[in-house]
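Chemist: I am sharing protein.pdb, which consists of PDB, C-alpha atoms and all ligand atoms:
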ATOM      1  CA  MET H 946      83.089  38.857  17.893
ATOM      2  CA  SER H 947      82.393  42.180  19.577
ATOM      3  CA  GLU H 948      80.313  42.400  22.656
ATOM      4  CA  GLU H 949      77.622  44.269  20.728
ATOM      5  CA  GLN H 950      77.321  41.476  18.181
ATOM      6  CA  GLU H 951      77.392  38.872  20.834
ATOM      7  CA  ASN H 952      74.388  40.368  22.587
ATOM      8  CA  ARG H 953      72.331  40.892  19.467
ATOM      9  CA  ASP H 954      70.312  37.770  19.951
ATOM     10  CA  TYR H 955      69.242  38.809  23.364
ATOM     11  CA  ASP H 956      67.608  41.902  21.905
ATOM     12  CA  HIS H 957      65.043  39.667  20.149
ATOM     13  CA  LYS H 958      63.964  38.039  23.319
ATOM     14  CA  ALA H 959      60.574  36.922  22.230
ATOM     15  CA  SER H 960      61.564  35.086  19.060
ATOM     16  CA  VAL H 961      64.576  33.483  20.597
ATOM     17  CA  ARG H 962      62.678  32.309  23.588
ATOM     18  CA  GLY H 963      59.900  31.108  21.416
ATOM     19  CA  PHE H 964      62.181  29.173  19.156
ATOM     20  CA  THR H 965      64.052  27.477  21.936
ATOM     21  CA  SER H 966      60.947  26.476  23.802
ATOM     22  CA  GLY H 967      59.257  25.247  20.624
ATOM     23  CA  GLN H 968      56.330  27.622  21.180
ATOM     24  CA  ASN H 969      55.193  30.838  19.514
ATOM     25  CA  LEU H 970      56.759  29.879  16.242
ATOM     26  CA  SER H 971      56.184  32.531  13.676
ATOM     27  CA  SER H 972      53.379  31.525  11.299
ATOM     28  CA  GLU H 973      55.617  32.336   8.365
ATOM     29  CA  GLU H 974      57.902  29.486   9.177
ATOM     30  CA  ASN H 975      57.015  26.024   7.831
ATOM     31  CA  PRO H 976      56.458  23.499  10.611
ATOM     32  CA  LYS H 977      58.976  20.761  10.932
ATOM     33  CA  PRO H 978      57.895  17.941   8.615
ATOM     34  CA  THR H 979      56.793  14.805  10.453
ATOM     35  CA  SER H 980      57.339  11.392   9.010
ATOM     36  CA  GLY H 981      54.359   9.883   7.197
ATOM     37  CA  GLN H 982      52.895  13.218   6.151
ATOM     38  CA  GLU H 983      54.994  13.947   3.141
ATOM     39  CA  PRO H 984      52.848  15.509   0.390
ATOM     40  CA  PHE H 985      51.772  13.191  -2.416
ATOM     41  CA  PRO H 986      53.722  14.155  -5.503
ATOM     42  CA  VAL H 987      51.655  15.926  -8.127
ATOM     43  CA  TRP H 988      53.278  14.030 -10.998
ATOM     44  CA  LEU H 989      52.108  10.745  -9.471
ATOM     45  CA  ILE H 990      48.514  12.021  -9.272
ATOM     46  CA  LEU H 991      48.658  13.052 -12.913
ATOM     47  CA  VAL H 992      50.077   9.697 -13.986
ATOM     48  CA  SER H 993      47.370   7.821 -12.018
ATOM     49  CA  VAL H 994      44.583   9.872 -13.557
ATOM     50  CA  PHE H 995      46.038   9.297 -16.985
ATOM     51  CA  LEU H 996      46.223   5.532 -16.418
ATOM     52  CA  MET H 997      42.626   5.443 -15.152
ATOM     53  CA  ILE H 998      41.403   7.245 -18.261
ATOM     54  CA  ILE H 999      43.323   4.878 -20.552
ATOM     55  CA  GLY H1000      42.110   1.849 -18.555
ATOM     56  CA  GLY H1001      38.500   2.985 -18.544
ATOM     57  CA  TYR H1002      38.588   3.669 -22.232
ATOM     58  CA  SER H1003      40.032   0.261 -23.075
ATOM     59  CA  LEU H1004      37.493  -1.526 -20.789
ATOM     60  CA  GLY H1005      34.670   0.433 -22.360
ATOM     61  CA  THR H1006      35.668  -0.306 -25.939
ATOM     62  CA  SER H1007      36.929  -3.867 -25.631
ATOM     63  CA  ASN H1008      34.560  -5.194 -22.904
ATOM     64  CA  GLY H1009      37.693  -6.288 -21.078
ATOM     65  CA  GLY H1010      36.496  -9.884 -21.030
ATOM     66  CA  PHE H1011      33.418  -9.134 -18.941
ATOM     67  CA  GLY H1012      30.931  -9.342 -21.808
ATOM     68  CA  PHE H1013      27.840 -11.543 -21.348
ATOM     69  CA  SER H1014      28.819 -13.632 -24.362
ATOM     70  CA  ASN H1015      32.219 -14.416 -22.783
ATOM     71  CA  SER H1016      30.638 -16.041 -19.736
ATOM     72  CA  LEU H1017      27.861 -17.741 -21.654
ATOM     73  CA  GLN H1018      27.931 -21.498 -21.858
ATOM     74  CA  SER H1019      27.157 -22.766 -25.285
ATOM     75  CA  GLY H1020      23.605 -23.955 -25.591
ATOM     76  CA  TYR H1021      22.399 -21.797 -22.684
ATOM     77  CA  GLU H1022      19.102 -20.039 -23.348
ATOM     78  CA  PRO H1023      18.496 -17.145 -20.977
ATOM     79  CA  SER H1024      14.881 -17.205 -19.776
ATOM     80  CA  ALA H1025      12.881 -15.984 -16.790
ATOM     81  CA  PRO H1026      12.117 -18.564 -14.081
ATOM     82  CA  ALA H1027       8.695 -20.144 -14.355
ATOM     83  CA  GLY H1028       5.969 -17.941 -12.965
ATOM     84  CA  LEU H1029       8.142 -14.836 -13.123
ATOM     85  CA  THR H1030       6.987 -12.909 -16.148
ATOM     86  CA  GLY H1031       7.955  -9.452 -14.950
ATOM     87  CA  LYS H1032       4.364  -8.386 -15.519
ATOM     88  CA  ALA H1033       1.765  -7.847 -12.822
ATOM     89  CA  PRO H1034      -0.758 -10.689 -12.812
ATOM     90  CA  GLU H1035      -3.895 -10.012 -14.795
ATOM     91  CA  LEU H1036      -6.784  -9.210 -12.478
ATOM     92  CA  SER H1037     -10.150 -10.680 -13.247
ATOM     93  CA  GLU H1038     -13.157  -8.373 -13.513
ATOM     94  CA  PHE H1039     -14.333  -9.718 -10.177
ATOM     95  CA  GLU H1040     -11.011  -8.911  -8.516
ATOM     96  CA  LYS H1041     -11.036  -5.402  -9.939
ATOM     97  CA  TYR H1042     -14.577  -4.895  -8.704
ATOM     98  CA  VAL H1043     -13.704  -6.146  -5.241
ATOM     99  CA  ASN H1044     -10.592  -3.957  -5.136
ATOM    100  CA  ALA H1045     -12.646  -0.900  -6.018
ATOM    101  CA  GLY H1046     -15.015  -1.834  -3.209
ATOM    102  CA  GLU H1047     -12.112  -2.134  -0.798
ATOM    103  CA  ALA H1048     -11.081   1.441  -1.608
ATOM    104  CA  VAL H1049     -14.614   2.649  -0.806
ATOM    105  CA  TYR H1050     -14.644   0.610   2.393
ATOM    106  CA  LYS H1051     -11.345   2.111   3.514
ATOM    107  CA  ALA H1052     -12.572   5.611   2.816
ATOM    108  CA  VAL H1053     -16.028   5.295   4.366
ATOM    109  CA  CYS H1054     -16.592   2.298   6.671
ATOM    110  CA  ASN H1055     -13.095   1.554   7.998
ATOM    111  CA  GLY H1056     -13.127   4.154  10.763
ATOM    112  CA  CYS H1057     -16.035   2.478  12.512
ATOM    113  CA  HIS H1058     -16.109  -1.174  11.482
ATOM    114  CA  GLN H1059     -12.275  -1.448  11.263
ATOM    115  CA  ALA H1060     -10.198  -2.890   8.433
ATOM    116  CA  THR H1061     -10.677  -6.344   9.933
ATOM    117  CA  GLY H1062     -14.473  -5.916   9.911
ATOM    118  CA  GLN H1063     -14.501  -6.831  13.599
ATOM    119  CA  GLY H1064     -16.043  -3.571  14.763
ATOM    120  CA  GLN H1065     -15.208  -2.122  18.182
ATOM    121  CA  GLY H1066     -17.219  -1.535  21.333
ATOM    122  CA  GLN H1067     -20.805  -0.728  20.331
ATOM    123  CA  ILE H1068     -19.969  -0.895  16.620
ATOM    124  CA  PRO H1069     -20.975  -4.392  15.531
ATOM    125  CA  PRO H1070     -18.780  -6.706  13.452
ATOM    126  CA  LEU H1071     -19.341  -7.319   9.736
ATOM    127  CA  VAL H1072     -17.383 -10.574   9.664
ATOM    128  CA  GLU H1073     -19.907 -13.354   9.031
ATOM    129  CA  SER H1074     -22.709 -11.009  10.092
ATOM    130  CA  GLU H1075     -26.144 -12.257   9.021
ATOM    131  CA  TRP H1076     -26.895  -8.665   7.930
ATOM    132  CA  ILE H1077     -24.354  -8.913   5.119
ATOM    133  CA  THR H1078     -24.484 -12.584   4.158
ATOM    134  CA  GLN H1079     -28.264 -12.789   3.727
ATOM    135  CA  GLY H1080     -30.652 -10.435   1.914
ATOM    136  CA  THR H1081     -28.892  -7.720  -0.062
ATOM    137  CA  GLU H1082     -31.968  -5.488   0.156
ATOM    138  CA  ARG H1083     -31.739  -4.942   3.895
ATOM    139  CA  PHE H1084     -27.966  -4.588   3.606
ATOM    140  CA  ALA H1085     -28.495  -1.820   1.034
ATOM    141  CA  GLN H1086     -31.060  -0.164   3.304
ATOM    142  CA  ILE H1087     -28.501  -0.058   6.119
ATOM    143  CA  VAL H1088     -25.752   1.335   3.898
ATOM    144  CA  LEU H1089     -27.973   3.992   2.300
ATOM    145  CA  ASN H1090     -29.857   5.226   5.353
ATOM    146  CA  GLY H1091     -27.886   4.026   8.367
ATOM    147  CA  LEU H1092     -29.162   2.172  11.393
ATOM    148  CA  THR H1093     -30.302   2.980  14.907
ATOM    149  CA  GLY H1094     -31.708   1.159  17.882
ATOM    150  CA  PRO H1095     -31.213  -2.359  19.183
ATOM    151  CA  ILE H1096     -29.846  -4.980  16.814
ATOM    152  CA  THR H1097     -28.497  -8.484  17.323
ATOM    153  CA  VAL H1098     -25.420  -9.471  15.341
ATOM    154  CA  LYS H1099     -24.147 -13.036  15.643
ATOM    155  CA  GLY H1100     -25.999 -13.425  18.919
ATOM    156  CA  ALA H1101     -24.616 -10.272  20.550
ATOM    157  CA  SER H1102     -26.734  -7.173  21.247
ATOM    158  CA  TYR H1103     -25.849  -3.690  20.073
ATOM    159  CA  GLY H1104     -27.799  -0.447  19.999
ATOM    160  CA  ALA H1105     -25.981   2.227  21.956
ATOM    161  CA  ALA H1106     -24.383   3.692  18.818
ATOM    162  CA  VAL H1107     -25.998   4.967  15.623
ATOM    163  CA  MET H1108     -24.774   4.314  12.091
ATOM    164  CA  PRO H1109     -25.165   7.470   9.977
ATOM    165  CA  ALA H1110     -26.683   7.305   6.468
ATOM    166  CA  GLN H1111     -24.076   6.829   3.745
ATOM    167  CA  LYS H1112     -26.262   7.775   0.767
ATOM    168  CA  GLY H1113     -24.822  11.288   0.615
ATOM    169  CA  ALA H1114     -21.222  10.101   0.822
ATOM    170  CA  ILE H1115     -21.138   7.476  -1.926
ATOM    171  CA  ASN H1116     -22.788   7.082  -5.344
ATOM    172  CA  ASP H1117     -24.623   4.036  -6.689
ATOM    173  CA  LYS H1118     -21.514   2.454  -8.149
ATOM    174  CA  GLN H1119     -19.649   2.848  -4.850
ATOM    175  CA  VAL H1120     -22.578   1.440  -2.870
ATOM    176  CA  ALA H1121     -22.547  -1.596  -5.177
ATOM    177  CA  GLN H1122     -18.781  -2.027  -4.978
ATOM    178  CA  VAL H1123     -18.517  -1.677  -1.220
ATOM    179  CA  MET H1124     -21.394  -4.112  -0.655
ATOM    180  CA  THR H1125     -19.714  -6.603  -2.984
ATOM    181  CA  TYR H1126     -16.434  -6.174  -1.146
ATOM    182  CA  VAL H1127     -18.010  -6.623   2.302
ATOM    183  CA  ARG H1128     -19.983  -9.685   1.183
ATOM    184  CA  TYR H1129     -16.877 -11.236  -0.339
ATOM    185  CA  LYS H1130     -14.277 -10.262   2.249
ATOM    186  CA  PHE H1131     -16.316 -10.742   5.417
ATOM    187  CA  GLY H1132     -18.963 -13.152   4.154
ATOM    188  CA  ASN H1133     -16.893 -15.188   1.711
ATOM    189  CA  ILE H1134     -19.478 -14.728  -1.056
ATOM    190  CA  SER H1135     -17.933 -14.797  -4.511
ATOM    191  CA  ASP H1136     -20.700 -16.231  -6.677
ATOM    192  CA  SER H1137     -22.799 -13.080  -6.793
ATOM    193  CA  VAL H1138     -22.146  -9.361  -6.774
ATOM    194  CA  VAL H1139     -24.184  -6.226  -6.193
ATOM    195  CA  THR H1140     -24.351  -4.243  -9.430
ATOM    196  CA  LYS H1141     -24.642  -0.515  -9.937
ATOM    197  CA  GLU H1142     -28.125  -1.060 -11.366
ATOM    198  CA  MET H1143     -29.216  -2.864  -8.204
ATOM    199  CA  ALA H1144     -27.879  -0.058  -6.030
ATOM    200  CA  GLU H1145     -29.569   2.516  -8.224
ATOM    201  CA  LEU H1146     -32.903   0.765  -7.789
ATOM    202  CA  ALA H1147     -32.367   0.497  -4.048
ATOM    203  CA  ARG H1148     -31.707   4.221  -3.835
ATOM    204  CA  GLN H1149     -34.914   4.931  -5.771
ATOM    205  CA  LYS H1150     -36.913   2.714  -3.443
ATOM    206  CA  PHE H1151     -35.373   3.564  -0.068
ATOM    207  CA  GLY H1152     -33.245   6.682  -0.548
ATOM    208  CA  ASP H1153     -35.970   9.119   0.432
ATOM    209  CA  LYS H1154     -36.260   7.860   3.996
ATOM    210  CA  ALA H1155     -35.606  10.798   6.319
ATOM    211  CA  ASN H1156     -33.851   9.031   9.173
ATOM    212  CA  GLN H1157     -32.086   5.803  10.020
ATOM    213  CA  TYR H1158     -33.714   2.412   9.828
ATOM    214  CA  THR H1159     -34.349   0.430  12.947
ATOM    215  CA  ALA H1160     -33.688  -3.289  12.697
ATOM    216  CA  SER H1161     -37.411  -4.063  12.747
ATOM    217  CA  GLU H1162     -38.097  -1.753   9.760
ATOM    218  CA  LEU H1163     -35.617  -3.505   7.482
ATOM    219  CA  SER H1164     -36.723  -5.830   4.679
ATOM    220  CA  ALA H1165     -36.958  -9.539   5.427
ATOM    221  CA  GLU H1166     -33.733 -11.504   5.617
ATOM    222  CA  ASP H1167     -34.217 -13.325   2.308
ATOM    223  CA  VAL H1168     -35.088 -10.390   0.024
ATOM    224  CA  MET H1169     -32.428  -9.869  -2.627
ATOM    225  CA  LEU H1170     -32.011  -6.706  -4.695
ATOM    226  CA  GLU H1171     -33.456  -7.219  -8.156
ATOM    227  CA  GLY H1172     -31.197  -7.323 -11.178
ATOM    228  CA  GLU H1173     -29.032  -9.452 -13.434
ATOM    229  CA  GLN H1174     -25.592 -10.666 -12.453
ATOM    230  CA  PRO H1175     -22.932  -9.264 -14.825
ATOM    231  CA  ASP H1176     -21.661 -11.361 -17.762
ATOM    232  CA  TRP H1177     -18.106 -11.363 -16.463
ATOM    233  CA  LEU H1178     -19.073 -13.187 -13.307
ATOM    234  CA  SER H1179     -18.697 -16.879 -13.943
ATOM    235  CA  PRO H1180     -19.120 -18.908 -10.811
ATOM    236  CA  GLU H1181     -16.725 -21.750 -10.222
ATOM    237  CA  SER H1182     -18.065 -24.989 -11.549
ATOM    238  CA  ASP H1183     -16.550 -28.434 -11.526
ATOM    239  CA  ASP H1184     -18.122 -29.939 -14.613
ATOM    240  CA  THR H1185     -17.354 -27.273 -17.220
ATOM    241  CA  GLU H1186     -13.750 -26.589 -18.044
ATOM    242  CA  ALA H1187     -13.150 -22.880 -18.475
ATOM    243  CA  GLU H1188     -12.592 -22.215 -22.139
ATOM    244  CA  GLY H1189     -11.939 -19.298 -24.441
ATOM    245  CA  ASP H1190     -12.732 -15.927 -22.929
ATOM    246  CA  SER H1191     -14.086 -17.346 -19.732
ATOM    247  CA  ALA H1192     -10.618 -18.587 -18.822
ATOM    248  CA  ALA H1193      -9.629 -15.001 -18.104
ATOM    249  CA  ILE H1194     -12.377 -14.496 -15.553
ATOM    250  CA  PHE H1195     -12.052 -17.764 -13.725
ATOM    251  CA  ILE H1196     -12.241 -16.942 -10.040
ATOM    252  CA  ASP H1197      -9.998 -18.450  -7.445
ATOM    253  CA  PRO H1198     -11.190 -17.041  -4.115
ATOM    254  CA  GLU H1199      -7.986 -18.107  -2.360
ATOM    255  CA  GLN H1200      -5.916 -15.957  -4.679
ATOM    256  CA  ILE H1201      -8.053 -12.845  -4.327
ATOM    257  CA  LYS H1202      -8.274 -13.047  -0.589
ATOM    258  CA  SER H1203      -4.633 -12.639   0.294
TER
HETATM  259  C1  LIG H1301     -19.864   6.370  12.080
HETATM  260  C2  LIG H1301     -19.638   4.944  12.230
HETATM  261  C3  LIG H1301     -20.093   4.011  11.126
HETATM  262  C4  LIG H1301     -19.815   4.074   9.787
HETATM  263  C5  LIG H1301     -18.994   5.100   9.038
HETATM  264  C6  LIG H1301     -20.406   2.907   9.199
HETATM  265  N1  LIG H1301     -21.073   2.177  10.147
HETATM  266 FE1  LIG H1301     -22.109   0.462   9.862
HETATM  267  N2  LIG H1301     -22.735   0.512  11.780
HETATM  268  C7  LIG H1301     -22.332   1.423  12.731
HETATM  269  C8  LIG H1301     -23.073   1.184  13.961
HETATM  270  C9  LIG H1301     -22.916   1.969  15.246
HETATM  271  C10 LIG H1301     -23.936   0.112  13.706
HETATM  272  C11 LIG H1301     -24.943  -0.484  14.677
HETATM  273  C12 LIG H1301     -26.160   0.419  14.741
HETATM  274  C13 LIG H1301     -27.167  -0.019  15.786
HETATM  275  O1  LIG H1301     -26.709  -0.511  16.805
HETATM  276  O2  LIG H1301     -28.356   0.121  15.548
HETATM  277  C14 LIG H1301     -23.682  -0.300  12.331
HETATM  278  C15 LIG H1301     -24.295  -1.383  11.715
HETATM  279  C16 LIG H1301     -23.976  -1.859  10.467
HETATM  280  C17 LIG H1301     -24.501  -3.081   9.874
HETATM  281  C18 LIG H1301     -25.492  -4.040  10.508
HETATM  282  C19 LIG H1301     -24.905  -4.767  11.669
HETATM  283  C20 LIG H1301     -23.719  -5.629  11.323
HETATM  284  O3  LIG H1301     -22.686  -5.488  12.011
HETATM  285  O4  LIG H1301     -23.770  -6.415  10.377
HETATM  286  C21 LIG H1301     -23.948  -3.188   8.642
HETATM  287  C22 LIG H1301     -24.151  -4.314   7.656
HETATM  288  C23 LIG H1301     -23.071  -2.050   8.451
HETATM  289  N3  LIG H1301     -23.119  -1.265   9.578
HETATM  290  C24 LIG H1301     -22.313  -1.825   7.328
HETATM  291  C25 LIG H1301     -21.608  -0.634   7.095
HETATM  292  C26 LIG H1301     -20.936  -0.341   5.849
HETATM  293  C27 LIG H1301     -20.835  -1.258   4.644
HETATM  294  C28 LIG H1301     -20.382   0.905   5.984
HETATM  295  C29 LIG H1301     -19.641   1.715   4.948
HETATM  296  C30 LIG H1301     -20.336   1.971   3.716
HETATM  297  C31 LIG H1301     -20.693   1.362   7.325
HETATM  298  N4  LIG H1301     -21.429   0.392   7.969
HETATM  299  C32 LIG H1301     -20.303   2.572   7.856
HETATM  300  C33 LIG H1301     -21.415   2.427  12.571
HETATM  301  C34 LIG H1301     -20.900   2.831  11.344
END
Will you turn the file into structure tokens for me?
Modeler:
Amino acid sequence: MSEEQENRDYDHKASVRGFTSGQNLSSEENPKPTSGQEPFPVWLILVSVFLMIIGGYSLGTSNGGFGFSNSLQSGYEPSAPAGLTGKAPELSEFEKYVNAGEAVYKAVCNGCHQATGQGQGQIPPLVESEWITQGTERFAQIVLNGLTGPITVKGASYGAAVMPAQKGAINDKQVAQVMTYVRYKFGNISDSVVTKEMAELARQKFGDKANQYTASELSAEDVMLEGEQPDWLSPESDDTEAEGDSAAIFIDPEQIKS
């Protein structure tokens, strides 16, 4: 080996140094393989995919033993558990009416009297209020035209706040529904409802009033709005068993309340 050849390596200082120190390896060189990182052979991937396709196909066509009939005991009749029909329970006309009233209440009265009907501060409660459980005429007057001035509700005095008239915000049907809801929900009254016809009449009689009622202007506590109760309302009675059509409108207040 001539001296020239012998020194050749030293002419490529960078690469030699790099190689010996393990740094600056040229990117064209493959890194030393480390154990555990050997590439997965392509043929094995292909074989696996092929087996999965075959397996899936045979499961799909033959049921693979997982069919319902394979695990069925003889004599077993599949049926839904009692009380679980998969259908929503049928609502009675009364329930539907009350639900419609709840929607009106939420849209119109909720902000002041609260969802609980307990009121807040100077806004009086509706729960068990004598203004909702007694005469429907004065209740309708309040809803249609609002209320101002001192009023006593369940023994407590109010009067600092004013209730605005609601006659422009809701129509006769909504007045009837929301009154029915309030009487039922907060007064527990389920044997009579306020009908659209009653509300219509109330609007004719009292709707022209320019400003709010004061408590002393309201109708007497026992005056009810005139009108027939609807056919679908059948009050609970102990002596007559519900029969035929009336079975569908039998009212169970406990069920509606939840
Ligand atoms: C802007 C707030 C507000 C809204 C909305 C409102 N009220 Fe009132 N309500 C009051 C206030 C305030 C009073 C008490 C007025 C007073 O002190 O003279 C009152 C009084 C009443 C009363 C008589 C007192 C009592 O607590 O029993 C009834 C009944 C009533 N509201 C029902 C309703 C119904 C039903 C609605 C929805 C259709 C409604 N209010 C919407 C504020 C409101």
Chemist: Please write the residues picked by the PyMOL selection byres (((not hetatm)) within 7 of (chain H and resi 1301)) on this file as a PyMOL selection string.
Modeler: chain H and resi 1050+1053-1058+1067-1071+1074-1077+1084+1087-1088+1091-1096+1098+1103-1109+1111+1120+1123-1124+1127+1159-1160
Chemist: One decimal, in Å: what's the spacing between CA of Ser1164 in chain H and CA of Val1138 in chain H?
Modeler: 18.9 Å
Chemist: Up to 6 Å from (-37.0, -8.1, -1.0) in the file's coordinates: name the residues, counting all atoms listed in the file, as an NGL selection string.
Modeler: :H and (1082 or 1168-1169)
Chemist: Please, could you write that set of residues out with C-alpha atoms as a short mmCIF file (atom, residue, chain, number, x, y, z; two decimals), in the coordinates of the input?
Modeler:
data_model
loop_
_atom_site.label_atom_id
_atom_site.label_comp_id
_atom_site.auth_asym_id
_atom_site.auth_seq_id
_atom_site.Cartn_x
_atom_site.Cartn_y
_atom_site.Cartn_z
CA GLU H 1082 -31.97 -5.49 0.16
CA VAL H 1168 -35.09 -10.39 0.02
CA MET H 1169 -32.43 -9.87 -2.63
#
Chemist: Just the residues within 10 Å of range 1146-1148 of chain H, please, counting all atoms listed in the file, with nothing from its chain fewer than 5 positions along; format it as a list in words.
Modeler: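 Everything that qualifies: Thr1081, Glu1082, Arg1083, Ala1085, Gln1086, Leu1089, Asn1090, Lys1112, Asn1116, Asp1117, Val1120, Lys1141, Asp1153, Lys1154, Leu1170, Glu1171 and Gly1172 of chain H.
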Chemist: Quick one, how far is CA of Asn1156 in chain H from CA of Gly1066 in chain H?
Modeler: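 Result for CA of Asn1156 in chain H versus CA of Gly1066 in chain H: 23.2 Å, one decimal.
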Chemist: What is the distance between CA of Lys1099 in chain H and CA of Gln1065 in chain H, in Å to one decimal?
Modeler: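 CA of Gln1065 in chain H lies at a distance of 14.3 Å from CA of Lys1099 in chain H.
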Chemist: Between H:Ser1135, H:Ser993, H:Ser1024, H:Gln1122, which one has atoms that come closest to Lys1041 in chain H, using all atoms listed in the file?
Modeler: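 Using all atoms listed in the file, Lys1041 in chain H sits closest to H:Gln1122.
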Chemist: Tell me which of H:Val1072, H:Glu1173, H:Ala1144, H:Ala1110 sits closest to Gln1157 in chain H, counting only C-alpha atoms.
Modeler: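 Using only C-alpha atoms, Gln1157 in chain H sits closest to H:Ala1110.
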Chemist: Return the single residue from H:Gly1031, H:Pro1175, H:Gly1100, H:Pro978 that is closest to Glu1142 in chain H, with distances computed using all atoms listed in the file.
Modeler: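 With all atoms listed in the file as the atom set, the closest residue is H:Pro1175.
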Chemist: For the file shown, what are the residues hit by the PyMOL selection byres (((chain H and resi 1038) around 9) and not hetatm), laid out as a VMD selection string?
Modeler: chain H and resid 1036 to 1037 1039 to 1043 1177 to 1178 1193 to 1194
